[in-house]
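Asker: Here you go, work-v5.cif (mmCIF, C-alpha atoms and all ligand atoms):
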```
data_run
#
loop_
_atom_site.label_atom_id
_atom_site.label_comp_id
_atom_site.auth_asym_id
_atom_site.auth_seq_id
_atom_site.Cartn_x
_atom_site.Cartn_y
_atom_site.Cartn_z
CA MET A 1120 -5.69 13.10 -58.56
CA GLU A 1121 -3.08 10.63 -59.69
CA GLN A 1122 -1.64 8.04 -57.30
CA THR A 1123 1.67 6.21 -57.38
CA PHE A 1124 3.13 3.26 -55.50
CA ILE A 1125 6.61 3.67 -54.03
CA MET A 1126 8.50 0.85 -52.33
CA ILE A 1127 11.75 1.02 -50.46
CA LYS A 1128 13.36 -2.26 -51.44
CA PRO A 1129 14.99 -4.60 -48.92
CA ASP A 1130 18.47 -3.22 -49.64
CA GLY A 1131 17.24 0.27 -48.70
CA VAL A 1132 15.68 -1.08 -45.52
CA HIS A 1133 18.82 -3.02 -44.54
CA ARG A 1134 20.91 0.07 -45.04
CA ASN A 1135 18.67 2.13 -42.73
CA LEU A 1136 17.65 4.49 -45.51
CA ILE A 1137 13.92 4.50 -44.70
CA SER A 1138 13.65 7.98 -43.20
CA GLU A 1139 16.08 9.46 -45.70
CA ILE A 1140 14.12 8.07 -48.65
CA ILE A 1141 10.66 8.93 -47.32
CA GLY A 1142 11.98 12.47 -46.76
CA ARG A 1143 12.64 12.82 -50.48
CA PHE A 1144 8.89 12.75 -51.13
CA LYS A 1145 7.88 15.54 -48.77
CA CYS A 1146 7.14 17.88 -51.72
CA SER A 1147 4.26 20.20 -51.19
CA GLY A 1148 1.33 18.92 -53.21
CA PHE A 1149 2.04 15.22 -52.52
CA HIS A 1150 -0.28 13.57 -50.02
CA LEU A 1151 0.52 10.32 -48.26
CA LYS A 1152 -2.36 7.87 -48.71
CA GLY A 1153 -0.82 4.66 -47.40
CA LEU A 1154 2.30 3.59 -45.53
CA LYS A 1155 3.23 0.23 -44.09
CA VAL A 1156 6.07 -2.15 -43.39
CA LEU A 1157 5.58 -5.74 -44.47
CA ASN A 1158 7.25 -8.96 -45.49
CA ALA A 1159 7.06 -9.31 -49.24
CA GLU A 1160 5.50 -12.65 -50.15
CA ARG A 1161 6.95 -14.41 -53.18
CA SER A 1162 3.58 -14.54 -54.99
CA ILE A 1163 3.16 -10.78 -54.58
CA ALA A 1164 6.72 -10.03 -55.70
CA GLU A 1165 6.24 -12.24 -58.78
CA LYS A 1166 2.96 -10.55 -59.64
CA HIS A 1167 4.49 -7.10 -59.07
CA TYR A 1168 7.28 -7.81 -61.57
CA GLU A 1169 5.28 -10.10 -63.91
CA ASP A 1170 6.16 -7.94 -66.95
CA LEU A 1171 9.81 -8.86 -66.40
CA ALA A 1172 9.17 -12.60 -65.98
CA GLY A 1173 11.18 -13.46 -69.12
CA LYS A 1174 14.26 -11.50 -68.10
CA ARG A 1175 17.48 -13.18 -67.12
CA TYR A 1176 17.57 -11.23 -63.84
CA PHE A 1177 13.94 -12.05 -62.86
CA PRO A 1178 14.75 -14.85 -60.37
CA ALA A 1179 17.40 -12.67 -58.70
CA LEU A 1180 15.01 -9.74 -58.56
CA VAL A 1181 12.21 -11.75 -56.91
CA GLY A 1182 14.81 -13.35 -54.65
CA ASP A 1183 16.02 -9.91 -53.56
CA ILE A 1184 12.58 -8.56 -52.85
CA THR A 1185 11.67 -11.62 -50.79
CA SER A 1186 15.09 -12.37 -49.27
CA GLY A 1187 14.06 -12.77 -45.73
CA PRO A 1188 13.53 -11.85 -43.06
CA VAL A 1189 13.25 -8.59 -44.91
CA VAL A 1190 10.69 -5.89 -45.01
CA VAL A 1191 9.71 -3.43 -47.62
CA VAL A 1192 8.21 -0.07 -46.92
CA ALA A 1193 5.27 0.52 -49.21
CA MET A 1194 3.83 3.98 -49.74
CA VAL A 1195 1.14 5.54 -51.88
CA TRP A 1196 1.46 9.21 -52.79
CA GLU A 1197 -1.25 11.25 -54.45
CA GLY A 1198 -0.94 14.51 -56.36
CA ASP A 1199 -0.91 16.12 -59.79
CA ASN A 1200 1.54 14.31 -62.09
CA VAL A 1201 2.76 12.36 -59.09
CA ILE A 1202 3.91 9.35 -61.16
CA VAL A 1203 6.34 11.25 -63.38
CA ASN A 1204 7.47 13.55 -60.58
CA CYS A 1205 8.22 10.63 -58.27
CA ARG A 1206 10.16 8.88 -61.02
CA LYS A 1207 12.26 12.07 -61.30
CA ILE A 1208 12.95 11.98 -57.57
CA ILE A 1209 13.85 8.28 -57.82
CA GLY A 1210 16.16 8.57 -60.85
CA ALA A 1211 16.73 6.46 -63.92
CA SER A 1212 16.75 2.66 -64.17
CA ASP A 1213 20.09 2.67 -66.01
CA PRO A 1214 23.01 3.54 -63.69
CA SER A 1215 24.79 5.41 -66.48
CA LYS A 1216 21.86 7.86 -66.43
CA TRP A 1217 21.59 8.40 -62.68
CA GLU A 1218 21.10 12.15 -62.34
CA PRO A 1219 22.78 13.90 -59.39
CA GLY A 1220 20.36 14.54 -56.53
CA THR A 1221 18.13 11.55 -57.25
CA VAL A 1222 17.62 8.78 -54.70
CA ARG A 1223 19.37 6.24 -56.91
CA ALA A 1224 22.33 8.53 -57.67
CA ASP A 1225 22.79 9.12 -53.97
CA TYR A 1226 22.20 5.60 -52.63
CA ALA A 1227 22.03 2.86 -55.27
CA ILE A 1228 25.04 0.61 -55.70
CA GLU A 1229 24.25 -0.98 -59.07
CA ILE A 1230 21.25 -1.75 -61.27
CA GLY A 1231 20.06 -4.67 -59.14
CA ARG A 1232 20.71 -2.85 -55.84
CA ASN A 1233 18.85 0.36 -56.46
CA VAL A 1234 16.97 0.74 -53.12
CA ILE A 1235 13.64 1.92 -54.48
CA HIS A 1236 10.73 1.16 -56.80
CA GLY A 1237 8.20 3.62 -58.22
CA SER A 1238 5.30 2.96 -60.60
CA ASP A 1239 6.01 3.92 -64.20
CA SER A 1240 2.45 4.52 -65.48
CA ILE A 1241 -1.15 5.00 -64.36
CA GLU A 1242 -1.93 1.35 -65.16
CA SER A 1243 1.02 -0.04 -63.24
CA ALA A 1244 0.29 2.26 -60.30
CA ARG A 1245 -3.30 0.96 -60.17
CA LYS A 1246 -2.15 -2.64 -60.35
CA GLU A 1247 0.59 -2.18 -57.73
CA ILE A 1248 -1.62 -0.28 -55.26
CA ALA A 1249 -4.27 -3.02 -55.49
CA LEU A 1250 -1.59 -5.71 -55.06
CA TRP A 1251 0.23 -4.21 -52.06
CA PHE A 1252 -2.73 -2.47 -50.38
CA PRO A 1253 -5.64 -4.93 -50.81
CA GLU A 1254 -7.18 -3.44 -47.65
CA GLY A 1255 -7.42 -0.02 -49.35
CA LEU A 1256 -5.90 3.38 -48.55
CA PHE A 1257 -6.52 6.17 -46.04
CA GLY A 1258 -9.77 8.00 -46.67
CA TRP A 1259 -8.44 11.42 -45.63
CA LYS A 1260 -8.23 14.49 -47.83
CA CYS A 1261 -5.70 17.26 -47.18
CA ASN A 1262 -7.51 20.56 -46.44
CA LEU A 1263 -4.48 22.87 -46.48
CA TYR A 1264 -4.46 23.68 -50.21
O1 LIG B 1301 12.86 -0.05 -61.29
P1 LIG B 1301 12.70 0.53 -62.67
O2 LIG B 1301 11.27 0.73 -63.09
O3 LIG B 1301 13.52 1.77 -62.84
O4 LIG B 1301 13.35 -0.52 -63.70
P2 LIG B 1301 12.71 -1.77 -64.46
O5 LIG B 1301 13.30 -1.79 -65.82
O6 LIG B 1301 11.23 -1.80 -64.34
O7 LIG B 1301 13.32 -3.03 -63.69
C1 LIG B 1301 12.80 -3.41 -62.43
C2 LIG B 1301 13.95 -3.77 -61.53
O8 LIG B 1301 14.63 -4.90 -62.07
C3 LIG B 1301 15.03 -2.70 -61.38
O9 LIG B 1301 14.70 -1.68 -60.47
C4 LIG B 1301 16.19 -3.56 -60.90
O10 LIG B 1301 16.04 -3.85 -59.50
C5 LIG B 1301 15.99 -4.87 -61.67
N1 LIG B 1301 16.84 -4.94 -62.86
C6 LIG B 1301 18.02 -5.66 -62.79
O11 LIG B 1301 18.32 -6.24 -61.75
N2 LIG B 1301 18.83 -5.77 -63.90
C7 LIG B 1301 18.51 -5.13 -65.05
N3 LIG B 1301 19.31 -5.22 -66.10
C8 LIG B 1301 17.33 -4.37 -65.12
C9 LIG B 1301 16.50 -4.29 -64.00
MG MG B 1302 9.72 -0.58 -63.53
#
```
For the file at hand, write its structure as structure tokens.
Ligand code: CDP
Ligand code: MG
Answerer:
Amino acid sequence: MEQTFIMIKPDGVHRNLISEIIGRFKCSGFHLKGLKVLNAERSIAEKHYEDLAGKRYFPALVGDITSGPVVVVAMVWEGDNVIVNCRKIIGASDPSKWEPGTVRADYAIEIGRNVIHGSDSIESARKEIALWFPEGLFGWKCNLY
């Protein structure tokens, strides 16, 4: 089964949106495989967003993720097509395309204050899970389905 990495960004944490955002992922068929609160180290934030290193907004983005003393909530969800389905729950990157009912439409303020990250492909999910959960994930398997 596919896995994805979801992170509530510091702006979501500061605005007390943790429970509201986690609740958006309670879809049947998604299984929680990892959940923790942590301080985002600069080296990890830079590695996480390394594909965007040339962008004008990169320093601000890494600064936001590490602006301390902040925490991010990092989650791993597993399920069929979980990457694409979680991106639908999250909503578009571009504010002009924020669909009603998505997390970003409901809570984001602007493109750089969009409260949540979700992996965009199998490769990035693998990289991000290894980066943020070097200790590994829960070993459990849901037996209800
Ligand atoms: O987060 P998502 O995958 O939807 O978008 P991205 O294109 O991978 O960009 C990563 C993050 O960079 C966004 O979530 C924004 O926080 C930030 N960003 C920004 O501040 N300004 C932009 N013009 C584009 C992205
Ligand atoms: Mg992205």
Asker: Could you tell me, counting all atoms listed in the file, which protein and nucleic acid residues lie no more than 9 Å from ligand MG 1302 (chain B), written as a list of chain:residue names?
Answerer: A:Tyr1168, A:Asp1170, A:Leu1171, A:Ser1212, A:His1236, A:Gly1237, A:Ser1238, A:Asp1239, A:Ser1243
Asker: Could you dump the residues just selected with C-alpha atoms as a compact mmCIF listing (two decimals), keeping the file's coordinate frame?
Answerer:
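Writing done, so here's part23.txt:
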```
# COMPACT_ATOMS: atom_id res chain seq x y z
CA TYR A 1168 7.28 -7.81 -61.57
CA ASP A 1170 6.16 -7.94 -66.95
CA LEU A 1171 9.81 -8.86 -66.40
CA SER A 1212 16.75 2.66 -64.17
CA HIS A 1236 10.73 1.16 -56.80
CA GLY A 1237 8.20 3.62 -58.22
CA SER A 1238 5.30 2.96 -60.60
CA ASP A 1239 6.01 3.92 -64.20
CA SER A 1243 1.02 -0.04 -63.24
```
Asker: For Val1181 of chain A, list every protein, DNA or RNA residue within 8 Å, evaluated using all atoms listed in the file, and leave out those in the same chain fewer than 2 positions away; present the list as number ranges by chain.
Answerer: A: 1161, 1164-1165, 1168, 1177-1179, 1183-1185
Asker: Could you check which of A:Gln1122, A:Glu1247, A:Phe1252, A:Lys1260 is closest to Glu1169 of chain A, using only C-alpha atoms?
Answerer: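 Nearest candidate to Glu1169 of chain A out of A:Gln1122, A:Glu1247, A:Phe1252, A:Lys1260: A:Glu1247.
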Asker: Nearest to Val1203 of chain A: which of A:Val1222, A:Ala1244, A:Ile1141, A:Leu1263 is it, counting only C-alpha atoms?
Answerer: A:Ala1244
Asker: Between A:Gly1142, A:Pro1129, A:Gly1231, A:Gly1220, which residue has the minimum interatomic distance to ligand LIG 1301 (chain B), considering all atoms listed in the file?
Answerer: A:Gly1231
Asker: Go ahead and fit an axis-aligned box to every listed atom of ligand LIG 1301 (chain B) plus 4 Å each side, and pass me the centre and edge lengths in Å, one decimal, as lines of an AutoDock Vina configuration file.
Answerer:
```
center_x = 15.3
center_y = -2.2
center_z = -62.8
size_x = 16.1
size_y = 16.0
size_z = 14.6
```
Asker: Report, in Å with one decimal, the straight-line distance from atom CA of Gly1182 of chain A to atom CA of Ile1209 of chain A.
Answerer: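 Value for the atom CA of Gly1182 of chain A-atom CA of Ile1209 of chain A distance: 21.9 Å.
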Asker: Report the distance between atom CA of Arg1245 of chain A and atom CA of Val1192 of chain A in Å, rounded to one decimal place.
Answerer: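 Separation of atom CA of Arg1245 of chain A and atom CA of Val1192 of chain A: 17.6 Å.
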Asker: Could you state the separation of atom CA of Gly1131 of chain A and atom O7 of ligand LIG 1301 (chain B) in Å, given to one decimal place?
Answerer: 15.8 Å
Asker: Considering all atoms listed in the file, return as a PyMOL selection string whatever protein or nucleic-acid residues lie within 12 Å of Asn1200 of chain A, sequence-local ones (same chain, fewer than 6 positions apart) excluded.
Answerer: chain A and resi 1120-1123+1148-1149+1206-1207+1239-1241
Asker: Is it possible to get the residues within 6 Å of (3.3, -6.6, -56.4) (coordinates as in the file, counting all atoms listed in the file) written as a ChimeraX atom specification?
Answerer: /A:1163-1164,1166-1167,1247,1250-1251
